[in-house]
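input-v7.cif follows; it contains mmCIF, C-alpha atoms.
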```cif
data_structure
loop_
_atom_site.label_atom_id
_atom_site.label_comp_id
_atom_site.auth_asym_id
_atom_site.auth_seq_id
_atom_site.Cartn_x
_atom_site.Cartn_y
_atom_site.Cartn_z
CA MET A 22 26.23 3.63 -1.11
CA LYS A 23 24.52 5.76 -3.70
CA ILE A 24 20.91 6.90 -3.14
CA ILE A 25 19.46 9.54 -5.41
CA LEU A 26 15.94 10.71 -4.61
CA ILE A 27 13.77 12.52 -7.13
CA ASN A 28 11.13 14.61 -5.38
CA GLY A 29 8.61 15.02 -8.19
CA SER A 30 8.76 11.35 -9.20
CA SER A 31 5.62 9.23 -9.31
CA THR A 32 7.57 6.56 -7.42
CA PRO A 33 7.14 7.23 -3.69
CA LEU A 34 10.29 8.19 -1.77
CA TYR A 35 10.32 5.02 0.35
CA GLU A 36 10.24 2.94 -2.82
CA GLN A 37 13.08 4.93 -4.35
CA ILE A 38 15.16 4.26 -1.23
CA LYS A 39 14.21 0.59 -1.29
CA ASN A 40 15.16 0.23 -4.95
CA ALA A 41 18.46 2.06 -4.49
CA VAL A 42 19.54 -0.21 -1.63
CA LYS A 43 18.32 -3.29 -3.49
CA ASN A 44 20.36 -2.35 -6.56
CA GLU A 45 23.49 -1.78 -4.51
CA ILE A 46 23.08 -5.26 -3.06
CA LEU A 47 22.30 -6.96 -6.37
CA GLU A 48 25.22 -5.24 -8.06
CA GLY A 49 27.49 -6.52 -5.34
CA LYS A 50 28.42 -3.06 -4.05
CA LEU A 51 27.09 -3.94 -0.63
CA TYR A 52 28.34 -7.17 0.87
CA CYS A 53 26.64 -9.76 3.01
CA ASP A 54 26.75 -8.77 6.70
CA GLU A 55 27.75 -5.22 5.87
CA GLN A 56 26.08 -2.81 8.28
CA LEU A 57 23.66 -0.27 6.85
CA PRO A 58 23.09 3.17 8.40
CA SER A 59 20.39 3.29 11.07
CA VAL A 60 16.92 4.47 10.09
CA ARG A 61 17.47 7.79 11.86
CA GLU A 62 20.95 8.28 10.45
CA LEU A 63 19.75 7.69 6.90
CA SER A 64 16.65 9.86 7.30
CA HIS A 65 18.90 12.73 8.43
CA GLU A 66 21.33 12.19 5.54
CA LEU A 67 18.58 11.95 2.91
CA ASN A 68 16.42 14.69 4.42
CA VAL A 69 13.33 12.49 4.53
CA SER A 70 11.09 11.51 7.43
CA ILE A 71 11.96 8.67 9.79
CA LEU A 72 8.84 6.71 8.79
CA THR A 73 9.84 6.92 5.11
CA VAL A 74 13.16 5.15 5.74
CA LYS A 75 11.48 2.75 8.16
CA LYS A 76 9.00 1.75 5.48
CA ALA A 77 11.84 1.15 2.99
CA TYR A 78 13.82 -0.97 5.50
CA ASP A 79 10.71 -2.94 6.53
CA GLU A 80 10.04 -3.90 2.91
CA LEU A 81 13.68 -4.74 2.25
CA GLU A 82 13.58 -7.03 5.25
CA LYS A 83 10.35 -8.64 4.09
CA GLU A 84 11.89 -9.32 0.68
CA GLY A 85 14.94 -10.89 2.29
CA PHE A 86 17.57 -8.29 1.35
CA ILE A 87 18.41 -7.08 4.84
CA THR A 88 18.09 -8.29 8.41
CA ILE A 89 17.25 -5.98 11.28
CA ARG A 90 18.89 -7.21 14.47
CA GLN A 91 17.27 -5.62 17.49
CA GLY A 92 19.75 -3.40 19.29
CA LEU A 93 22.59 -4.22 16.91
CA GLY A 94 21.58 -2.57 13.69
CA THR A 95 20.64 -3.33 10.12
CA PHE A 96 22.75 -5.65 7.97
CA VAL A 97 22.82 -6.91 4.40
CA ALA A 98 21.34 -10.41 4.36
CA PRO A 99 23.07 -13.31 2.66
CA ILE A 100 21.65 -13.16 -0.85
CA SER A 101 21.20 -16.54 -2.46
CA LYS A 102 21.95 -17.02 -6.14
CA ASN A 103 18.24 -17.76 -6.54
CA LEU A 104 17.14 -14.38 -5.21
CA HIS A 105 19.62 -12.76 -7.54
CA GLN A 106 18.27 -14.73 -10.47
CA GLU A 107 14.68 -14.08 -9.46
CA GLU A 108 15.17 -10.33 -9.30
CA ARG A 109 16.76 -10.26 -12.72
CA GLN A 110 13.98 -12.42 -14.11
CA LYS A 111 11.37 -10.06 -12.69
CA GLU A 112 13.18 -7.20 -14.35
CA MET A 113 13.21 -9.05 -17.69
CA GLU A 114 9.52 -9.90 -17.46
CA LYS A 115 8.70 -6.28 -16.80
CA HIS A 116 10.42 -5.22 -20.00
CA LEU A 117 8.84 -8.04 -21.99
CA ILE A 118 5.36 -7.10 -20.81
CA GLU A 119 6.06 -3.55 -21.86
CA ALA A 120 7.29 -4.74 -25.27
CA CYS A 121 4.17 -6.90 -25.75
CA LYS A 122 1.94 -3.94 -24.95
CA ILE A 123 3.65 -1.79 -27.54
CA ALA A 124 3.52 -4.62 -30.11
CA LYS A 125 -0.26 -4.95 -29.62
CA MET A 126 -0.72 -1.22 -29.72
CA ILE A 127 0.96 -0.87 -33.11
CA GLY A 128 -0.55 -4.10 -34.42
CA THR A 129 2.57 -6.24 -34.62
CA GLY A 130 1.43 -9.88 -34.76
CA ARG A 131 2.66 -12.70 -32.55
CA ILE A 132 4.83 -14.25 -35.24
CA ASP A 133 6.49 -10.99 -36.19
CA PHE A 134 7.03 -10.20 -32.55
CA LEU A 135 8.62 -13.56 -31.82
CA SER A 136 10.83 -13.47 -34.88
CA MET A 137 12.01 -10.02 -33.86
CA ALA A 138 12.76 -11.35 -30.39
CA GLU A 139 14.65 -14.26 -31.88
CA TYR A 140 16.64 -12.00 -34.15
CA LEU A 141 17.53 -9.63 -31.27
CA TYR A 142 18.41 -12.48 -28.94
CA GLY A 143 20.76 -13.99 -31.49
CA GLY A 144 22.25 -10.65 -32.38
CA ASP A 145 23.07 -9.79 -28.80
CA ASP A 146 24.57 -13.14 -28.05
CA ASP A 147 28.35 -12.90 -28.01
CA GLU A 148 28.99 -16.60 -27.48
CA MET B 28 4.84 -0.68 11.40
CA GLY B 29 4.81 -3.30 14.09
CA VAL B 30 6.43 -0.95 16.56
CA MET B 31 4.34 0.27 19.45
CA THR B 32 4.22 4.03 19.48
CA MET B 33 4.00 5.91 22.72
CA ASN B 34 2.50 9.32 22.98
CA LYS B 35 4.69 12.16 24.15
CA ILE B 36 1.83 14.65 24.25
CA GLU B 37 -1.91 14.01 24.50
CA VAL B 38 -4.34 16.88 24.01
CA THR B 39 -7.94 16.06 24.91
CA ASN B 40 -10.92 18.36 24.34
CA LEU B 41 -8.86 21.50 24.43
CA SER B 42 -11.05 24.60 24.34
CA LYS B 43 -10.30 28.26 24.74
CA ASN B 44 -12.67 31.21 24.46
CA TYR B 45 -11.55 34.57 23.24
CA THR B 46 -14.10 37.19 22.18
CA THR B 47 -13.01 37.03 18.56
CA PHE B 48 -11.80 33.45 18.38
CA GLN B 49 -12.67 30.07 19.84
CA LEU B 50 -10.69 26.86 20.04
CA ARG B 51 -13.27 24.08 20.26
CA ASP B 52 -12.72 20.54 21.53
CA VAL B 53 -9.37 20.00 19.88
CA SER B 54 -7.94 16.52 20.52
CA PHE B 55 -4.79 14.93 19.10
CA THR B 56 -1.68 13.02 20.12
CA ILE B 57 2.00 13.56 19.40
CA PRO B 58 3.89 10.24 19.14
CA LYS B 59 7.21 9.96 20.94
CA GLY B 60 10.30 9.68 18.77
CA TYR B 61 8.90 11.39 15.70
CA VAL B 62 8.36 14.77 14.05
CA THR B 63 4.75 15.92 13.99
CA GLY B 64 3.85 18.84 11.77
CA PHE B 65 1.11 21.10 13.10
CA ILE B 66 -0.54 22.92 10.22
CA GLY B 67 -3.33 25.40 9.65
CA LYS B 68 -3.78 28.87 8.23
CA ASN B 69 -2.83 31.95 10.20
CA GLY B 70 -5.49 32.37 12.87
CA ALA B 71 -6.51 28.69 12.83
CA GLY B 72 -5.54 28.32 16.49
CA LYS B 73 -2.03 26.86 16.26
CA THR B 74 -0.37 29.36 18.59
CA THR B 75 -3.26 29.20 21.09
CA THR B 76 -2.86 25.41 21.17
CA ILE B 77 0.89 25.67 21.65
CA LYS B 78 0.57 28.29 24.38
CA SER B 79 -1.81 25.92 26.15
CA ILE B 80 0.67 23.04 25.88
CA LEU B 81 3.31 25.33 27.38
CA SER B 82 0.90 26.44 30.18
CA MET B 83 1.33 30.03 29.07
CA ILE B 84 -2.46 30.55 29.08
CA ASN B 85 -5.44 29.06 30.90
CA TYR B 86 -7.53 26.54 28.99
CA ASP B 87 -10.32 23.97 29.30
CA GLY B 88 -9.51 20.34 28.64
CA LEU B 89 -6.66 18.00 29.48
CA ILE B 90 -3.07 18.12 28.25
CA THR B 91 -0.55 15.48 29.27
CA ILE B 92 3.16 15.13 28.58
CA ASP B 93 4.60 11.66 29.25
CA SER B 94 1.12 10.76 30.55
CA MET B 95 1.22 13.41 33.26
CA ASP B 96 -1.12 16.38 33.55
CA ILE B 97 0.99 19.44 32.71
CA GLU B 98 -0.78 21.51 35.32
CA LYS B 99 0.66 19.27 38.02
CA MET B 100 4.30 19.17 37.01
CA ASP B 101 7.36 21.21 36.20
CA PHE B 102 7.95 19.87 32.73
CA HIS B 103 9.79 22.89 31.33
CA GLN B 104 13.15 21.41 32.23
CA LYS B 105 12.78 18.89 29.43
CA ILE B 106 11.20 21.12 26.78
CA GLY B 107 12.94 23.34 24.30
CA VAL B 108 10.88 26.11 22.75
CA VAL B 109 11.46 28.11 19.58
CA MET B 110 8.86 30.82 19.12
CA ASP B 111 8.40 33.97 17.14
CA ASP B 112 8.60 36.05 20.30
CA SER B 113 11.86 35.47 22.06
CA PHE B 114 11.53 35.12 25.83
CA LEU B 115 15.00 36.64 26.22
CA ALA B 116 15.64 40.20 27.39
CA LYS B 117 16.72 42.32 24.45
CA ASP B 118 19.74 43.82 26.18
CA TRP B 119 21.24 40.50 27.26
CA THR B 120 24.56 39.50 25.72
CA MET B 121 25.18 35.82 25.02
CA LYS B 122 27.10 35.70 28.29
CA ASP B 123 24.02 36.99 30.13
CA VAL B 124 21.87 34.42 28.36
CA ASN B 125 24.22 31.69 29.54
CA GLN B 126 24.06 32.99 33.10
CA ALA B 127 20.27 33.22 33.16
CA MET B 128 19.80 29.76 31.68
CA SER B 129 22.27 28.17 34.09
CA ILE B 130 20.05 29.43 36.90
CA GLY B 131 16.80 28.40 35.22
CA TYR B 132 17.73 24.92 34.02
CA ASP B 133 18.90 22.06 36.25
CA ASN B 134 20.72 20.36 33.38
CA TRP B 135 22.30 23.43 31.82
CA ASP B 136 25.49 22.53 29.94
CA GLU B 137 27.59 25.66 29.43
CA ALA B 138 30.22 23.94 27.29
CA GLU B 139 27.51 22.57 25.00
CA PHE B 140 25.90 26.01 24.72
CA ASN B 141 29.22 27.61 23.78
CA LYS B 142 29.84 24.89 21.24
CA TYR B 143 26.49 25.60 19.54
CA LEU B 144 27.12 29.36 19.55
CA GLN B 145 30.41 28.66 17.80
CA ASP B 146 28.78 26.22 15.32
CA PHE B 147 26.09 28.79 14.57
CA ALA B 148 28.68 31.61 14.28
CA ILE B 149 27.06 33.74 17.00
CA ASP B 150 29.58 36.00 18.69
CA LYS B 151 29.32 35.86 22.49
CA SER B 152 29.58 39.62 22.90
CA LEU B 153 26.47 40.23 20.80
CA LYS B 154 23.23 41.34 22.43
CA VAL B 155 19.92 39.61 21.75
CA LYS B 156 18.57 42.68 19.95
CA GLU B 157 21.59 42.69 17.63
CA LEU B 158 20.85 39.23 16.29
CA SER B 159 19.16 38.71 12.93
CA ARG B 160 15.95 36.68 12.84
CA GLY B 161 17.86 33.61 11.67
CA MET B 162 20.43 33.96 14.46
CA LYS B 163 17.71 34.43 17.09
CA ILE B 164 16.11 31.17 15.98
CA LYS B 165 19.48 29.43 16.19
CA LEU B 166 20.09 30.91 19.64
CA MET B 167 16.78 29.51 20.88
CA LEU B 168 17.66 26.15 19.38
CA ALA B 169 21.08 26.28 21.09
CA ILE B 170 19.34 26.95 24.42
CA ALA B 171 16.97 24.04 23.84
CA LEU B 172 19.81 21.66 22.99
CA ALA B 173 22.06 22.84 25.85
CA HIS B 174 19.55 21.97 28.56
CA ALA B 175 19.04 18.43 27.34
CA ALA B 176 15.44 18.91 26.20
CA ASN B 177 13.86 15.78 24.76
CA LEU B 178 10.85 17.63 23.37
CA LEU B 179 11.13 20.54 20.97
CA ILE B 180 8.10 22.75 20.45
CA LEU B 181 8.56 24.97 17.43
CA ASP B 182 6.07 27.70 16.65
CA GLU B 183 6.58 29.11 13.14
CA PRO B 184 10.35 28.88 13.50
CA THR B 185 11.10 29.25 9.81
CA SER B 186 8.84 32.17 8.88
CA GLY B 187 11.03 35.07 7.84
CA LEU B 188 14.03 32.84 7.08
CA ASP B 189 15.45 32.56 3.58
CA PRO B 190 15.33 29.13 1.88
CA ALA B 191 18.97 28.30 2.66
CA MET B 192 18.47 29.06 6.36
CA ARG B 193 15.23 27.08 6.43
CA ASP B 194 17.06 24.12 4.93
CA GLU B 195 19.77 24.41 7.57
CA PHE B 196 17.21 24.65 10.36
CA VAL B 197 15.33 21.57 9.14
CA SER B 198 18.61 19.67 8.99
CA LEU B 199 19.36 20.62 12.63
CA ILE B 200 15.94 19.27 13.61
CA SER B 201 16.50 16.00 11.79
CA ASN B 202 19.87 15.73 13.52
CA PHE B 203 18.09 16.12 16.88
CA MET B 204 15.81 13.25 15.82
CA LYS B 205 18.73 10.81 15.57
CA ASP B 206 17.95 10.09 19.21
CA GLU B 207 14.75 8.04 19.33
CA ASN B 208 13.84 9.48 22.74
CA ASN B 209 13.43 12.90 21.20
CA THR B 210 10.17 14.35 19.90
CA VAL B 211 9.36 17.42 17.82
CA LEU B 212 6.13 19.37 17.45
CA PHE B 213 6.66 21.64 14.45
CA SER B 214 3.94 24.25 13.92
CA THR B 215 4.15 26.11 10.64
CA HIS B 216 2.25 27.47 7.69
CA ILE B 217 5.33 26.92 5.51
CA THR B 218 4.45 23.35 4.69
CA GLN B 219 7.42 22.67 2.40
CA ASP B 220 9.51 22.29 5.54
CA LEU B 221 7.23 19.46 6.65
CA GLU B 222 6.93 17.67 3.30
CA ALA B 223 10.46 16.38 3.86
CA ILE B 224 10.87 15.59 7.54
CA ALA B 225 7.44 15.29 9.19
CA ASP B 226 6.28 11.78 10.14
CA TYR B 227 2.80 12.83 11.27
CA ILE B 228 0.51 15.75 10.47
CA VAL B 229 -2.08 17.46 12.67
CA PHE B 230 -4.36 19.87 10.77
CA ILE B 231 -6.65 22.43 12.41
CA ASP B 232 -8.86 25.05 10.83
CA LYS B 233 -10.95 27.83 12.39
CA GLY B 234 -10.26 26.53 15.88
CA LYS B 235 -11.41 23.00 15.06
CA MET B 236 -9.65 19.70 14.57
CA ILE B 237 -9.78 18.57 10.94
CA LEU B 238 -7.47 15.58 10.52
CA ALA B 239 -4.46 13.93 12.20
CA LYS B 240 -2.62 11.07 10.49
CA GLU B 241 0.74 9.71 9.42
CA LYS B 242 1.94 12.06 6.66
CA ASP B 243 1.54 9.73 3.66
CA GLU B 244 -1.89 8.59 4.90
CA PHE B 245 -2.83 12.20 5.50
CA LYS B 246 -2.10 13.12 1.90
CA LYS B 247 -3.85 10.01 0.59
CA TYR B 248 -7.01 11.08 2.41
CA PHE B 249 -7.38 13.89 -0.11
CA MET B 250 -7.59 14.25 -3.88
CA ILE B 251 -7.18 17.40 -5.94
CA LEU B 252 -9.05 17.72 -9.23
CA LYS B 253 -8.72 20.35 -11.91
CA GLY B 254 -11.17 20.98 -14.68
CA ALA B 255 -13.52 23.41 -16.37
CA SER B 256 -15.71 25.36 -13.93
CA GLU B 257 -18.93 24.40 -15.76
CA ASN B 258 -18.25 20.72 -14.99
CA LEU B 259 -18.34 21.37 -11.26
CA SER B 260 -21.93 20.13 -11.05
CA LYS B 261 -20.75 16.63 -12.06
CA ILE B 262 -19.21 16.23 -8.63
CA ASP B 263 -21.32 15.42 -5.60
CA GLU B 264 -21.46 18.54 -3.42
CA SER B 265 -20.92 16.56 -0.23
CA ALA B 266 -17.57 15.23 -1.48
CA ILE B 267 -16.12 18.71 -1.94
CA LEU B 268 -14.00 20.00 0.93
CA GLY B 269 -13.04 23.24 -0.77
CA LYS B 270 -12.71 24.82 -4.16
CA LYS B 271 -10.98 27.61 -6.02
CA LEU B 272 -12.72 28.97 -9.09
CA SER B 273 -11.25 31.10 -11.84
CA SER B 274 -12.51 32.20 -15.27
CA TYR B 275 -10.80 29.34 -17.05
CA ASN B 276 -10.81 26.45 -14.59
CA CYS B 277 -11.50 25.23 -11.10
CA GLU B 278 -9.43 23.40 -8.53
CA ILE B 279 -11.28 21.16 -6.08
CA LEU B 280 -10.25 19.47 -2.87
CA ILE B 281 -12.06 16.15 -2.44
CA LYS B 282 -12.25 13.51 0.24
CA LYS B 283 -10.72 10.72 -1.83
CA ASP B 284 -12.86 7.79 -0.70
CA SER B 285 -16.07 9.66 -1.47
CA LEU B 286 -15.29 9.52 -5.18
CA LEU B 287 -15.00 6.23 -7.05
CA TYR B 288 -13.45 7.59 -10.21
CA VAL B 289 -12.21 10.84 -11.67
CA PRO B 290 -15.24 12.42 -13.38
CA GLU B 291 -15.04 13.21 -17.07
CA GLY B 292 -13.53 16.60 -17.77
CA PHE B 293 -11.31 16.56 -14.69
CA ALA B 294 -7.64 15.70 -14.16
CA GLU B 295 -6.03 14.66 -10.93
CA ASP B 296 -3.24 16.87 -9.61
CA ILE B 297 -0.52 16.09 -7.09
CA VAL B 298 -1.67 16.50 -3.47
CA THR B 299 0.62 18.67 -1.38
CA LEU B 300 0.14 19.92 2.19
CA ASP B 301 0.24 23.41 0.73
CA ARG B 302 -2.69 22.88 -1.66
CA ILE B 303 -4.71 21.11 1.05
CA MET B 304 -4.33 24.14 3.30
CA VAL B 305 -5.11 26.62 0.54
CA LEU B 306 -8.21 24.81 -0.73
CA PHE B 307 -9.73 23.48 2.49
CA GLY B 308 -12.93 25.34 3.36
CA ARG B 309 -12.56 27.74 0.46
CA GLU B 310 -15.85 28.64 -1.25
CA VAL B 311 -14.85 30.57 -4.37
#
```

Could I get this file's structure written as structure tokens?
Amino acid sequence: MKIILINGSSTPLYEQIKNAVKNEILEGKLYCDEQLPSVRELSHELNVSILTVKKAYDELEKEGFITIRQGLGTFVAPISKNLHQEERQKEMEKHLIEACKIAKMIGTGRIDFLSMAEYLYGGDDDE
Amino acid sequence: MGVMTMNKIEVTNLSKNYTTFQLRDVSFTIPKGYVTGFIGKNGAGKTTTIKSILSMINYDGLITIDSMDIEKMDFHQKIGVVMDDSFLAKDWTMKDVNQAMSIGYDNWDEAEFNKYLQDFAIDKSLKVKELSRGMKIKLMLAIALAHAANLLILDEPTSGLDPAMRDEFVSLISNFMKDENNTVLFSTHITQDLEAIADYIVFIDKGKMILAKEKDEFKKYFMILKGASENLSKIDESAILGKKLSSYNCEILIKKDSLLYVPEGFAEDIVTLDRIMVLFGREV
């Protein structure tokens, strides 16, 4: 598992940990039922506080990526195709919102924007 | 977090009168299973508080460990202490230290002690006075770990250590915390060491309790603004907890919820434990 933490980042450490684990799962590098390090193990390895890792794990559990089994440990949850799709869609929306903002900022109209999107979509399509 | 937290240490209305310094009604709790950073400037009362917790001085108020009054129990068996002043005789060799500790501690584990000395590269024939500051700190940690302490009380352990040694020390502490029955009270004015591993922060100033919270919440309680000194009047006096003025700008510590928005002419800076300590109570 790869977790790189940037100390001066505006993204809080717990969120960086959460995103790193989430990406490993979505990219298929962590498998369903694979055991994750304990909160205390990971906090030692990453040199962050126990509560920071706990917060990351709690949110990952809430979002359905991991299951915490009392006394047994923390495991990767079975990820449905839907969750996979949903995450990717969220990612795409984020970029689109960003693109729309920039378009409005520089005064690109709706029609120009859409035709650019259409052109790019077609151009990237290998099929 | 949904998990019930138990308190390892409870300090209630702790007061101590010296002619030049008073500790007044200090109350806080140290949750079991976590690292609590104890911060404050030099002379704020950190060491007086810690000496009280260790029953090294008389005090007014109530201090409990595992819900028991420390004046009515022999709790030292389960506590490891790392302090500036070593309680070891200067002429003792490591072998003498081992001997003395095996008499003093019921659960002394000689093999464990020797293992730590080896890990820390401390030769057994060395005398206490021959150890460097860094080695002395490691020796005290080895003693704490070899008598199965479940509570570590650290008073300025990293002052005088170089950054690499501080990093190593902090890593040893976080290794100790792999066991959820263990608790650490880490008093320091070098707050960088706490930014990483502390779960909770207790802050005292001039012998008085200022704020105790989970670390992230603690930092969110404050806001640091920078701007031109002549704009200072735009900020409500009562919101200011401390300020530092220079010819070209000013830096202000604010209680975050007392300000609805960042006033014109000011920019928000990152809040660190270090800046909080520097700015708090400062007038100029």

*Quick one: everything within 7 Å of Glu278 of chain B, counting all atoms listed in the file, minus sequence neighbours fewer than 5 positions away in the same chain. Send it as a ChimeraX atom specification.*
/B:251-254,270-272

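For chain A, the residues having at least one atom no farther than 10 Å from chain B, when counting all atoms listed in the file, are Asn28, Gly29, Ser31, Pro33, Leu34, Ser59, Val60, Arg61, Glu62, Leu63, Ser64, His65, Glu66, Leu67, Asn68, Val69, Ser70, Ile71, Leu72, Thr73, Lys75, Lys76 and Asp79 of chain A.
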
Please produce a file of the residues just selected, as an mmCIF file, in the coordinates of the input, where the atoms kept are C-alpha atoms.
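selection_31.cif written:
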```cif
data_model
loop_
_atom_site.group_PDB
_atom_site.id
_atom_site.type_symbol
_atom_site.label_atom_id
_atom_site.label_comp_id
_atom_site.auth_asym_id
_atom_site.auth_seq_id
_atom_site.Cartn_x
_atom_site.Cartn_y
_atom_site.Cartn_z
ATOM 1 C CA ASN A 28 11.130 14.610 -5.380
ATOM 2 C CA GLY A 29 8.610 15.020 -8.190
ATOM 3 C CA SER A 31 5.620 9.230 -9.310
ATOM 4 C CA PRO A 33 7.140 7.230 -3.690
ATOM 5 C CA LEU A 34 10.290 8.190 -1.770
ATOM 6 C CA SER A 59 20.390 3.290 11.070
ATOM 7 C CA VAL A 60 16.920 4.470 10.090
ATOM 8 C CA ARG A 61 17.470 7.790 11.860
ATOM 9 C CA GLU A 62 20.950 8.280 10.450
ATOM 10 C CA LEU A 63 19.750 7.690 6.900
ATOM 11 C CA SER A 64 16.650 9.860 7.300
ATOM 12 C CA HIS A 65 18.900 12.730 8.430
ATOM 13 C CA GLU A 66 21.330 12.190 5.540
ATOM 14 C CA LEU A 67 18.580 11.950 2.910
ATOM 15 C CA ASN A 68 16.420 14.690 4.420
ATOM 16 C CA VAL A 69 13.330 12.490 4.530
ATOM 17 C CA SER A 70 11.090 11.510 7.430
ATOM 18 C CA ILE A 71 11.960 8.670 9.790
ATOM 19 C CA LEU A 72 8.840 6.710 8.790
ATOM 20 C CA THR A 73 9.840 6.920 5.110
ATOM 21 C CA LYS A 75 11.480 2.750 8.160
ATOM 22 C CA LYS A 76 9.000 1.750 5.480
ATOM 23 C CA ASP A 79 10.710 -2.940 6.530
#
```

_Starting from the PyMOL selection byres ((chain B and resi 146-152) around 10), expand the selection into actual residues of this file and give them as a PyMOL selection string._
chain B and resi 119-125+140-145+153-155+158+161-163+165-166+169

_Picked residues, the PyMOL selection byres ((chain B and resi 36-39) around 9), as a list in words_ =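 With the shown file as input, the PyMOL selection byres ((chain B and resi 36-39) around 9) matches Asn34, Lys35, Asn40, Leu41, Asp52, Val53, Ser54, Phe55, Thr56, Ile57, Pro58, Lys59, Ile80, Gly88, Leu89, Ile90, Thr91, Ile92, Asp93 and Ser94 of chain B.
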
Let me see the file: selected residues, C-alpha atoms, as a PDB file, keeping the file's coordinate frame.
```
ATOM      1  CA  ASN B  34       2.500   9.320  22.980  1.00  0.00           C
ATOM      2  CA  LYS B  35       4.690  12.160  24.150  1.00  0.00           C
ATOM      3  CA  ASN B  40     -10.920  18.360  24.340  1.00  0.00           C
ATOM      4  CA  LEU B  41      -8.860  21.500  24.430  1.00  0.00           C
ATOM      5  CA  ASP B  52     -12.720  20.540  21.530  1.00  0.00           C
ATOM      6  CA  VAL B  53      -9.370  20.000  19.880  1.00  0.00           C
ATOM      7  CA  SER B  54      -7.940  16.520  20.520  1.00  0.00           C
ATOM      8  CA  PHE B  55      -4.790  14.930  19.100  1.00  0.00           C
ATOM      9  CA  THR B  56      -1.680  13.020  20.120  1.00  0.00           C
ATOM     10  CA  ILE B  57       2.000  13.560  19.400  1.00  0.00           C
ATOM     11  CA  PRO B  58       3.890  10.240  19.140  1.00  0.00           C
ATOM     12  CA  LYS B  59       7.210   9.960  20.940  1.00  0.00           C
ATOM     13  CA  ILE B  80       0.670  23.040  25.880  1.00  0.00           C
ATOM     14  CA  GLY B  88      -9.510  20.340  28.640  1.00  0.00           C
ATOM     15  CA  LEU B  89      -6.660  18.000  29.480  1.00  0.00           C
ATOM     16  CA  ILE B  90      -3.070  18.120  28.250  1.00  0.00           C
ATOM     17  CA  THR B  91      -0.550  15.480  29.270  1.00  0.00           C
ATOM     18  CA  ILE B  92       3.160  15.130  28.580  1.00  0.00           C
ATOM     19  CA  ASP B  93       4.600  11.660  29.250  1.00  0.00           C
ATOM     20  CA  SER B  94       1.120  10.760  30.550  1.00  0.00           C
TER      21      SER B  94
END
```

*Could you expand the PyMOL selection byres ((chain B and resi 284) around 12) into the explicit residues it covers here, written as a PyMOL selection string?*
chain B and resi 247-250+265-267+281-283+285-289

*Would you be able to write out as a PyMOL selection string which residues have an atom within 9 Å of (24.8, -16.4, 6.4) in the file's coordinates, counting all atoms listed in the file?*
chain A and resi 53-54+98-100

*atom CA of Leu172 of chain B and atom CA of Glu139 of chain B, how far apart in Å?*
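Straight-line distance from atom CA of Glu139 of chain B to atom CA of Leu172 of chain B works out to 8.0 Å.
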
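As for atom CA of Lys50 of chain A and atom CA of Ile118 of chain A, they are spaced 28.8 Å apart.
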
*Please, what distance in Å, to one decimal, runs between atom CA of Ala173 of chain B and atom CA of Asp136 of chain B?*
5.3 Å

*Excluding Tyr132 of chain B and any residue of its chain fewer than 5 positions from it, enumerate the residues within 10 Å of it, using all atoms listed in the file, and give them as a VMD selection string.*
chain B and resid 103 to 105 127 170 173 to 175

*Could you give me, as a PyMOL selection string, the residues within 12 Å of segment 132-134 of chain A, counting only C-alpha atoms and dropping anything in the same chain fewer than 5 positions from it?*
chain A and resi 117+120-125+127+139-141

Keeping C-alpha atoms for every residue in the selection just given, could you write it to a file as a short mmCIF file (atom, residue, chain, number, x, y, z; two decimals), in the coordinates of the input?
```cif
data_model
loop_
_atom_site.label_atom_id
_atom_site.label_comp_id
_atom_site.auth_asym_id
_atom_site.auth_seq_id
_atom_site.Cartn_x
_atom_site.Cartn_y
_atom_site.Cartn_z
CA LEU A 117 8.84 -8.04 -21.99
CA ALA A 120 7.29 -4.74 -25.27
CA CYS A 121 4.17 -6.90 -25.75
CA LYS A 122 1.94 -3.94 -24.95
CA ILE A 123 3.65 -1.79 -27.54
CA ALA A 124 3.52 -4.62 -30.11
CA LYS A 125 -0.26 -4.95 -29.62
CA ILE A 127 0.96 -0.87 -33.11
CA GLU A 139 14.65 -14.26 -31.88
CA TYR A 140 16.64 -12.00 -34.15
CA LEU A 141 17.53 -9.63 -31.27
#
```

*Identify, on the basis of all atoms listed in the file, every residue whose closest approach to Lys68 of chain B does not exceed 7 Å; exclude the query and any residue fewer than 4 positions from it along the same chain; express the result as a PyMOL selection string.*
chain B and resi 216+232+304

_Quick one: residues within 9 Å of Gly94 of chain A, only C-alpha atoms, excluding same-chain residues fewer than 2 positions away - as an MDAnalysis selection string?_
chainID A and resid 56:59 88:92 96

Next, dump the selected residues to file, keeping only C-alpha atoms, as a compact mmCIF listing (two decimals), in the frame of the given file.
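Result file follows (part_38.txt):
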```txt
# COMPACT_ATOMS: atom_id res chain seq x y z
CA GLN A 56 26.08 -2.81 8.28
CA LEU A 57 23.66 -0.27 6.85
CA PRO A 58 23.09 3.17 8.40
CA SER A 59 20.39 3.29 11.07
CA THR A 88 18.09 -8.29 8.41
CA ILE A 89 17.25 -5.98 11.28
CA ARG A 90 18.89 -7.21 14.47
CA GLN A 91 17.27 -5.62 17.49
CA GLY A 92 19.75 -3.40 19.29
CA PHE A 96 22.75 -5.65 7.97
```

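Near (-7.2, 16.6, 11.6), the residues that fall inside 10 Å on the basis of only C-alpha atoms are B:Val53, B:Ser54, B:Phe55, B:Phe65, B:Ile66, B:Gly67, B:Ile228, B:Val229, B:Phe230, B:Ile231, B:Asp232, B:Lys235, B:Met236, B:Ile237, B:Leu238, B:Ala239, B:Lys240, B:Phe245.
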